[in-house]
Amino acid sequence: MAFRRRNKSYPFFSQEFLIQNHADIVFSLVICILIGLMFETTAKTAILFIQPQYNISTMSTDGEVSLYLYGWKDCATVVFYLCITIILHAVVQEYVLDKVNRRLHLSKSKNTKFNESGQLCVFYLVSSLWSLYVIEGYLLRPSSLWENYPHVHLRFQVKFFYLTQLAYWFHALPELYFQKVRKEEIPRQLQYISLYLLHILAAYLLNLTRVGLVLLFLQYLSEMGFHLSRLFYFIDENQHKMFEMWSIGFVLTRMITLTLMFLAVGFGLARAENQTLDLEAGNFNTLPIRLLVLFVVCFTQSWLLWKFFRFQLSRTRELRLEQVARKRAATKQQMQRTLKRDSGTWTYFVTFNLFFEFFNWS
């Protein structure tokens, strides 16, 4: 299974060989883990990578239900699905984005941004639809976001969603190397990768999975709007209306996120009876932890708003300077046309006078 065209063969164990064939190498590792399921001696180890662990069975009104906890074995599952994500990344790049790039004939810098937005659009679309399916019950009753905390027992869909989210954002780190991202772009990408990992891990480990699901849904919708706008801009540079619509949605998303956090963490969890730290029970509902969570979320949202408004102000200044430059260029062209007209009239007048004087002299 080859994901990329081999225009040139490189020596084994070289940097270029690893970058060119990384998807095939990872695919081979995934096949080895799947083959391990076929043998009794390796099946117990292979199942750690494929299936979420720490499941327990409880009785409910619908019968026996399997719920899940979290633990160190989740790291193996995250590693396996990290490999799956690298393969899917290569498939989308090879069979979708590269074909579109060859038709658009973009520059190298625009090509890199187009690939980044294309990959993120696919991920945000799938994740937002998936999270909407999971949080459908929570949206109908918002108080369920903080009631009966700690939410230690997770449904399969919730646990698997968080594991795949962690796998995707951890996979983005080696992709910086595999995609040969420019050095000036690495700090920006490391910023948002680190922020996503921090917030997802905090929601998962602090048993704030319900609030985290709603916040991720809102964030992914907002980010998908931005990257869709950028894709349409690369296709047609006159498309600016989607950026204006995204700007409104971006500010609304920040406001809703802050309101929801204060409602769930600042008021909902503050009214809970049990507010003692209990690691075995998974209860982290204490005043210092609540303040820390609110500080991190508020700081992140404020920082995003500050970057957004600073970009909008700089963009407005650039547009004003462009308008002034265009007016000056138009005025200069008009003056040049007027001077040409005047010089032509003056030349005609002088020629006529000389011709008239010549005949008078004759």
# chains A, B, ... in the order shown; residues from 1 in each chain; ligands from 1
>>> select_by_dssp(residues="region 12-95 of chain A", states="strand (DSSP E or B)", output="list in words")
Asn55, Ile56, Ser57, Thr58, Met59, Ser60, Gly63, Glu64, Val65, Ser66, Leu67 and Tyr68 of chain A
>>> residues_around(residues="Thr209 (chain A)", least_positions_apart="5", cutoff="8 Å", atoms="only C-alpha atoms", output="ChimeraX atom specification")
/A:151,158,203-204
>>> closest_residue(among="A:Ala281, A:Leu69, A:Val211, A:Ala90", to="Ser131 (chain A)", atoms="only C-alpha atoms")
A:Val211
>>> select_by_dssp(residues="region 39-140 of chain A", states="helix (DSSP H, G or I)", output="PyMOL selection string")
chain A and resi 40-50+74-104+108-134+136-140
